[in-house]
Every structure is written in structure tokens, then in C-alpha cells.
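Shown here: work-v9.pdb, PDB, C-alpha atoms.
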```
ATOM      1  CA  MET A 649    -225.960 100.840-140.396  1.00  0.00           C
ATOM      2  CA  LYS A 650    -226.393 104.584-139.882  1.00  0.00           C
ATOM      3  CA  TYR A 651    -230.156 104.162-139.267  1.00  0.00           C
ATOM      4  CA  THR A 652    -229.620 101.239-136.906  1.00  0.00           C
ATOM      5  CA  PHE A 653    -227.233 103.298-134.772  1.00  0.00           C
ATOM      6  CA  SER A 654    -229.678 106.267-134.730  1.00  0.00           C
ATOM      7  CA  ALA A 655    -232.552 103.973-133.735  1.00  0.00           C
ATOM      8  CA  PHE A 656    -230.373 102.495-130.981  1.00  0.00           C
ATOM      9  CA  LEU A 657    -229.573 105.981-129.612  1.00  0.00           C
ATOM     10  CA  PHE A 658    -233.252 106.942-129.813  1.00  0.00           C
ATOM     11  CA  ILE A 659    -234.247 103.872-127.765  1.00  0.00           C
ATOM     12  CA  ILE A 660    -231.562 104.625-125.157  1.00  0.00           C
ATOM     13  CA  CYS A 661    -232.781 108.225-124.862  1.00  0.00           C
ATOM     14  CA  LEU A 662    -236.357 107.025-124.360  1.00  0.00           C
ATOM     15  CA  CYS A 663    -235.362 104.489-121.750  1.00  0.00           C
ATOM     16  CA  THR A 664    -233.418 106.937-119.593  1.00  0.00           C
ATOM     17  CA  GLY A 665    -236.770 108.415-118.585  1.00  0.00           C
ATOM     18  CA  CYS A 666    -238.102 104.950-117.728  1.00  0.00           C
ATOM     19  CA  ALA A 667    -236.186 104.575-114.470  1.00  0.00           C
ATOM     20  CA  SER A 668    -238.088 105.435-111.331  1.00  0.00           C
ATOM     21  CA  ASP A 669    -237.043 108.351-109.153  1.00  0.00           C
ATOM     22  CA  THR A 670    -235.743 105.865-106.555  1.00  0.00           C
ATOM     23  CA  GLU A 671    -233.710 104.010-109.196  1.00  0.00           C
ATOM     24  CA  ARG A 672    -232.231 107.279-110.490  1.00  0.00           C
ATOM     25  CA  ARG A 673    -231.387 108.418-106.940  1.00  0.00           C
ATOM     26  CA  THR A 674    -229.725 105.063-106.233  1.00  0.00           C
ATOM     27  CA  GLU A 675    -227.696 105.326-109.438  1.00  0.00           C
ATOM     28  CA  THR A 676    -226.510 108.868-108.710  1.00  0.00           C
ATOM     29  CA  THR A 677    -226.013 108.689-104.944  1.00  0.00           C
ATOM     30  CA  GLY A 678    -225.615 104.988-104.238  1.00  0.00           C
ATOM     31  CA  VAL A 679    -228.420 105.296-101.636  1.00  0.00           C
ATOM     32  CA  SER A 680    -232.045 104.409-102.229  1.00  0.00           C
ATOM     33  CA  SER A 681    -234.916 106.306-100.669  1.00  0.00           C
ATOM     34  CA  PRO A 682    -236.924 104.522 -98.010  1.00  0.00           C
ATOM     35  CA  ALA A 683    -240.312 103.231 -99.061  1.00  0.00           C
ATOM     36  CA  CYS A 684    -243.278 105.263 -97.870  1.00  0.00           C
ATOM     37  CA  PRO A 685    -244.867 103.460 -94.898  1.00  0.00           C
ATOM     38  CA  SER A 686    -248.380 103.885 -96.343  1.00  0.00           C
ATOM     39  CA  ASP A 687    -250.172 105.211 -99.404  1.00  0.00           C
ATOM     40  CA  ASN A 688    -252.644 107.173 -97.237  1.00  0.00           C
ATOM     41  CA  PHE A 689    -251.919 109.767 -94.564  1.00  0.00           C
ATOM     42  CA  ASP A 690    -253.686 107.964 -91.710  1.00  0.00           C
ATOM     43  CA  GLY A 691    -251.558 104.863 -92.269  1.00  0.00           C
ATOM     44  CA  PHE A 692    -248.429 106.981 -92.654  1.00  0.00           C
ATOM     45  CA  LEU A 693    -249.156 108.878 -89.416  1.00  0.00           C
ATOM     46  CA  ALA A 694    -249.749 105.639 -87.495  1.00  0.00           C
ATOM     47  CA  ALA A 695    -246.406 104.240 -88.692  1.00  0.00           C
ATOM     48  CA  PHE A 696    -244.655 107.575 -88.066  1.00  0.00           C
ATOM     49  CA  MET A 697    -245.918 107.767 -84.483  1.00  0.00           C
ATOM     50  CA  GLU A 698    -245.062 104.176 -83.607  1.00  0.00           C
ATOM     51  CA  ASP A 699    -241.631 103.789 -85.201  1.00  0.00           C
ATOM     52  CA  GLU A 700    -238.677 106.043 -84.438  1.00  0.00           C
ATOM     53  CA  ASN A 701    -236.847 104.750 -87.543  1.00  0.00           C
ATOM     54  CA  VAL A 702    -239.741 105.901 -89.733  1.00  0.00           C
ATOM     55  CA  GLN A 703    -239.484 109.308 -88.056  1.00  0.00           C
ATOM     56  CA  ARG A 704    -235.762 109.501 -88.787  1.00  0.00           C
ATOM     57  CA  GLN A 705    -236.415 108.744 -92.474  1.00  0.00           C
ATOM     58  CA  TRP A 706    -239.369 111.112 -92.952  1.00  0.00           C
ATOM     59  CA  VAL A 707    -238.281 114.310 -91.182  1.00  0.00           C
ATOM     60  CA  ASP A 708    -237.026 117.324 -93.108  1.00  0.00           C
ATOM     61  CA  VAL A 709    -233.564 118.501 -92.168  1.00  0.00           C
ATOM     62  CA  PRO A 710    -233.257 121.176 -91.073  1.00  0.00           C
ATOM     63  CA  LEU A 711    -236.478 120.807 -89.095  1.00  0.00           C
ATOM     64  CA  ARG A 712    -238.244 124.065 -88.251  1.00  0.00           C
ATOM     65  CA  ARG A 713    -239.185 124.134 -84.560  1.00  0.00           C
ATOM     66  CA  LEU A 714    -241.137 126.893 -82.872  1.00  0.00           C
ATOM     67  CA  ASP A 715    -241.508 126.860 -79.110  1.00  0.00           C
ATOM     68  CA  LEU A 716    -242.056 129.266 -76.249  1.00  0.00           C
ATOM     69  CA  ASP A 717    -239.241 130.522 -74.087  1.00  0.00           C
ATOM     70  CA  ARG A 718    -241.089 130.098 -70.799  1.00  0.00           C
ATOM     71  CA  ASP A 719    -238.376 131.830 -68.769  1.00  0.00           C
ATOM     72  CA  ALA A 720    -238.657 135.123 -70.644  1.00  0.00           C
ATOM     73  CA  ARG A 721    -239.475 138.165 -68.549  1.00  0.00           C
ATOM     74  CA  SER A 722    -240.796 141.526 -69.632  1.00  0.00           C
ATOM     75  CA  ARG A 723    -239.104 144.791 -68.645  1.00  0.00           C
ATOM     76  CA  ASP A 724    -241.304 145.046 -65.565  1.00  0.00           C
ATOM     77  CA  ASN A 725    -240.222 141.498 -64.589  1.00  0.00           C
ATOM     78  CA  HIS A 726    -243.540 139.834 -65.408  1.00  0.00           C
ATOM     79  CA  TRP A 727    -243.592 136.388 -66.908  1.00  0.00           C
ATOM     80  CA  ASN A 728    -244.012 136.783 -70.653  1.00  0.00           C
ATOM     81  CA  PRO A 729    -243.282 133.740 -72.856  1.00  0.00           C
ATOM     82  CA  VAL A 730    -241.574 134.610 -76.107  1.00  0.00           C
ATOM     83  CA  GLU A 731    -241.771 132.661 -79.367  1.00  0.00           C
ATOM     84  CA  ARG A 732    -238.478 131.362 -80.670  1.00  0.00           C
ATOM     85  CA  VAL A 733    -237.902 129.597 -83.968  1.00  0.00           C
ATOM     86  CA  ARG A 734    -234.952 127.339 -84.554  1.00  0.00           C
ATOM     87  CA  MET A 735    -233.822 125.324 -87.540  1.00  0.00           C
ATOM     88  CA  LEU A 736    -232.608 121.998 -86.165  1.00  0.00           C
ATOM     89  CA  ASN A 737    -229.955 119.941 -87.911  1.00  0.00           C
ATOM     90  CA  ARG A 738    -230.098 116.138 -87.639  1.00  0.00           C
ATOM     91  CA  GLU A 739    -227.969 116.050 -84.458  1.00  0.00           C
ATOM     92  CA  GLU A 740    -230.249 118.573 -82.702  1.00  0.00           C
ATOM     93  CA  ILE A 741    -233.509 116.726 -83.409  1.00  0.00           C
ATOM     94  CA  LYS A 742    -234.628 114.698 -80.407  1.00  0.00           C
ATOM     95  CA  PHE A 743    -236.269 111.435 -81.418  1.00  0.00           C
ATOM     96  CA  PRO A 744    -238.977 110.444 -81.083  1.00  0.00           C
ATOM     97  CA  VAL A 745    -240.344 113.767 -82.309  1.00  0.00           C
ATOM     98  CA  ILE A 746    -243.936 112.778 -81.543  1.00  0.00           C
ATOM     99  CA  PHE A 747    -245.557 110.598 -78.879  1.00  0.00           C
ATOM    100  CA  SER A 748    -246.854 107.194 -79.776  1.00  0.00           C
ATOM    101  CA  LYS A 749    -250.649 107.172 -79.814  1.00  0.00           C
ATOM    102  CA  GLU A 750    -250.771 104.959 -76.692  1.00  0.00           C
ATOM    103  CA  ARG A 751    -248.355 107.170 -74.745  1.00  0.00           C
ATOM    104  CA  GLY A 752    -250.294 110.281 -75.744  1.00  0.00           C
ATOM    105  CA  TYR A 753    -253.598 108.831 -74.607  1.00  0.00           C
ATOM    106  CA  LYS A 754    -252.058 107.688 -71.310  1.00  0.00           C
ATOM    107  CA  ALA A 755    -250.866 111.270 -70.762  1.00  0.00           C
ATOM    108  CA  GLY A 756    -254.407 112.567 -71.360  1.00  0.00           C
ATOM    109  CA  LEU A 757    -253.689 113.987 -74.806  1.00  0.00           C
ATOM    110  CA  SER A 758    -255.952 113.931 -77.819  1.00  0.00           C
ATOM    111  CA  LEU A 759    -254.762 113.642 -81.391  1.00  0.00           C
ATOM    112  CA  ARG A 760    -256.518 114.985 -84.448  1.00  0.00           C
ATOM    113  CA  VAL A 761    -255.716 115.770 -88.057  1.00  0.00           C
ATOM    114  CA  ASP A 762    -256.873 119.369 -88.522  1.00  0.00           C
ATOM    115  CA  GLU A 763    -255.955 119.812 -92.167  1.00  0.00           C
ATOM    116  CA  LEU A 764    -255.279 117.298 -94.904  1.00  0.00           C
ATOM    117  CA  SER A 765    -254.731 118.289 -98.521  1.00  0.00           C
ATOM    118  CA  ALA A 766    -252.721 117.222-101.530  1.00  0.00           C
ATOM    119  CA  ASP A 767    -249.917 119.513-100.268  1.00  0.00           C
ATOM    120  CA  GLY A 768    -249.668 118.215 -96.718  1.00  0.00           C
ATOM    121  CA  ALA A 769    -251.291 117.863 -93.321  1.00  0.00           C
ATOM    122  CA  LYS A 770    -251.541 119.539 -89.930  1.00  0.00           C
ATOM    123  CA  VAL A 771    -251.713 117.246 -86.889  1.00  0.00           C
ATOM    124  CA  VAL A 772    -252.599 118.496 -83.405  1.00  0.00           C
ATOM    125  CA  PHE A 773    -251.680 116.886 -80.091  1.00  0.00           C
ATOM    126  CA  ALA A 774    -253.533 118.688 -77.297  1.00  0.00           C
ATOM    127  CA  GLY A 775    -254.072 118.220 -73.587  1.00  0.00           C
ATOM    128  CA  ASN A 776    -257.679 117.638 -72.628  1.00  0.00           C
ATOM    129  CA  GLU A 777    -257.341 119.474 -69.317  1.00  0.00           C
ATOM    130  CA  THR A 778    -253.884 121.037 -69.673  1.00  0.00           C
ATOM    131  CA  ASP A 779    -252.129 123.759 -71.637  1.00  0.00           C
ATOM    132  CA  TYR A 780    -250.327 121.133 -73.740  1.00  0.00           C
ATOM    133  CA  LEU A 781    -250.585 122.023 -77.449  1.00  0.00           C
ATOM    134  CA  ILE A 782    -248.273 120.946 -80.270  1.00  0.00           C
ATOM    135  CA  TYR A 783    -248.840 121.241 -84.026  1.00  0.00           C
ATOM    136  CA  TYR A 784    -247.021 118.937 -86.448  1.00  0.00           C
ATOM    137  CA  PHE A 785    -246.897 120.055 -90.079  1.00  0.00           C
ATOM    138  CA  PHE A 786    -246.264 117.498 -92.809  1.00  0.00           C
ATOM    139  CA  ARG A 787    -245.649 118.297 -96.469  1.00  0.00           C
ATOM    140  CA  ALA A 788    -246.387 116.006 -99.374  1.00  0.00           C
ATOM    141  CA  VAL A 789    -243.230 114.688-101.057  1.00  0.00           C
ATOM    142  CA  ASN A 790    -243.257 112.303-104.036  1.00  0.00           C
ATOM    143  CA  GLY A 791    -246.383 110.447-102.928  1.00  0.00           C
ATOM    144  CA  CYS A 792    -245.452 110.398 -99.238  1.00  0.00           C
ATOM    145  CA  TRP A 793    -245.165 112.926 -96.392  1.00  0.00           C
ATOM    146  CA  LYS A 794    -242.358 114.523 -94.418  1.00  0.00           C
ATOM    147  CA  LEU A 795    -242.525 116.310 -91.099  1.00  0.00           C
ATOM    148  CA  ASN A 796    -241.208 119.769 -91.875  1.00  0.00           C
ATOM    149  CA  SER A 797    -242.275 121.887 -88.901  1.00  0.00           C
ATOM    150  CA  VAL A 798    -243.220 121.538 -85.233  1.00  0.00           C
ATOM    151  CA  GLU A 799    -244.905 124.285 -83.232  1.00  0.00           C
ATOM    152  CA  ASP A 800    -244.981 123.743 -79.468  1.00  0.00           C
ATOM    153  CA  TRP A 801    -247.408 126.209 -77.856  1.00  0.00           C
ATOM    154  CA  THR A 802    -247.427 124.422 -74.508  1.00  0.00           C
ATOM    155  CA  LEU A 803    -247.408 126.846 -71.573  1.00  0.00           C
TER
END
```
Please lay out the structure from this file as C-alpha cells.
Amino acid sequence: MKYTFSAFLFIICLCTGCASDTERRTETTGVSSPACPSDNFDGFLAAFMEDENVQRQWVDVPLRRLDLDRDARSRDNHWNPVERVRMLNREEIKFPVIFSKERGYKAGLSLRVDELSADGAKVVFAGNETDYLIYYFFRAVNGCWKLNSVEDWTL
């Protein structure tokens, strides 16, 4: 009897590691994580750009946002844009955070993935004949990606 009980406890201890991260999160929080839209970054980015709900699920909060204060003036009253960094909570994030591919192309913007690694990706939306330039930084999270920073260098 003593050995049977010990074997039973041993099996229970082994099985507690068998649950997936999503199952454990559901058990502890009552909320399951959304499924990753794709197992590759290109597919993920396509889904992220086209679906505002995907964006809401796969954005870090707070979201780091760098932009230029275009109204800044130097001491001699010359126009001098100043970088400002803000950490946006969920209510401050304006969705969609990125153009759809079609809308970007219609606006004369090009899209490219500048960096892609196991840790994350850097996506660039740039104006072909304008000063429009925004970087989107994604970090790898549990086999998927999350937008964790936006840098808007548009003049």
C-alpha cells in the first residue's frame, strides 16, 4: 500500500509538467492565450497587418513608442524636431497600429523586413517619395511574435 501511494504521487508529479503552457495559464488565470496566427513570421505579419483583433492580442503593453515632436523649436526659434519616447498603456494605443498592406501600397509606402532572427524582427514601412518612415519591432514570445516597440521617424 505504501509503495502504491508513492508511485501514485510520483506519477502525479510527472504529469504536472505535461500540461502545455496554454493549459497551465488557463488553469491559473481562467483565460487562455490566443493561438499564434502563423508558425512563420511572414504569415504572422500578414495576419497582424490585416486584422485589428490580431494586433490587439499580439501587442506588448505597455507599448514603447518613439516619435518626433514636430512642433519643437530651438532657442533661436528654428524648427528642430525632438525625439520623445512614451510607454503606452492599452487605452492609449491607437488601433490599427500598422497599415494593412493594401492601404500602405495605395499611400505609396513600401514594406520590408529588415531583420529577422530567433529573437525577433524589425519591419520598415517607408515612403517611396516622402519622409514617411516607421520601424516596427517584434520580439519572439513562446513560438510567436509580439509588437513591442514602434519608432516613427516621419518628418
Kindly indicate which residue among A:Phe696, A:Tyr780, A:Phe689, A:Phe747 lies nearest to A:Cys792, using only C-alpha atoms for the distances.
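Closest to A:Cys792, using only C-alpha atoms: A:Phe689.
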Would you work out the distance separating atom CA of A:Val745 from atom CA of A:Glu763, expressed in Å to one decimal?
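Taking atom CA of A:Val745 and atom CA of A:Glu763, their separation equals 19.4 Å.
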Residue nearest A:Ser797 - candidates A:Lys770, A:Arg760, A:Arg738, A:Lys754, atoms counted: only C-alpha atoms:
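The closest residue to A:Ser797 is A:Lys770.
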Can you tell me which residues surround A:Leu759 at a distance of at most 9 Å, considering all atoms listed in the file, apart from same-chain residues fewer than 2 positions away, and format the answer as a ChimeraX atom specification?
/A:749,752-753,757,761,771-774
Any chance you could work out the axis-aligned box around stretch 696-708 of chain A, listed atoms only, 5 Å on each side, giving centre and edge lengths in Å to one decimal, as JSON?
```
{"center_x": -240.8, "center_y": 110.6, "center_z": -88.4, "size_x": 20.2, "size_y": 23.5, "size_z": 19.5}
```
Given the choices A:Val730, A:Leu693, A:Leu795, A:Ala788, which gets closest to A:Leu716 if the distance is worked out from all atoms listed in the file?
A:Val730
Which one is closest to A:Val702: A:Tyr783, A:Arg751, A:Trp793, A:Glu740? Count all atoms listed in the file.
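Closest to A:Val702, using all atoms listed in the file: A:Trp793.
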Would you write out, as a PyMOL selection string, every residue that the PyMOL selection byres ((chain A and resi 707-714) around 10) captures in this file?
chain A and resi 696+702-706+715-717+731-741+745+782-787+793-801
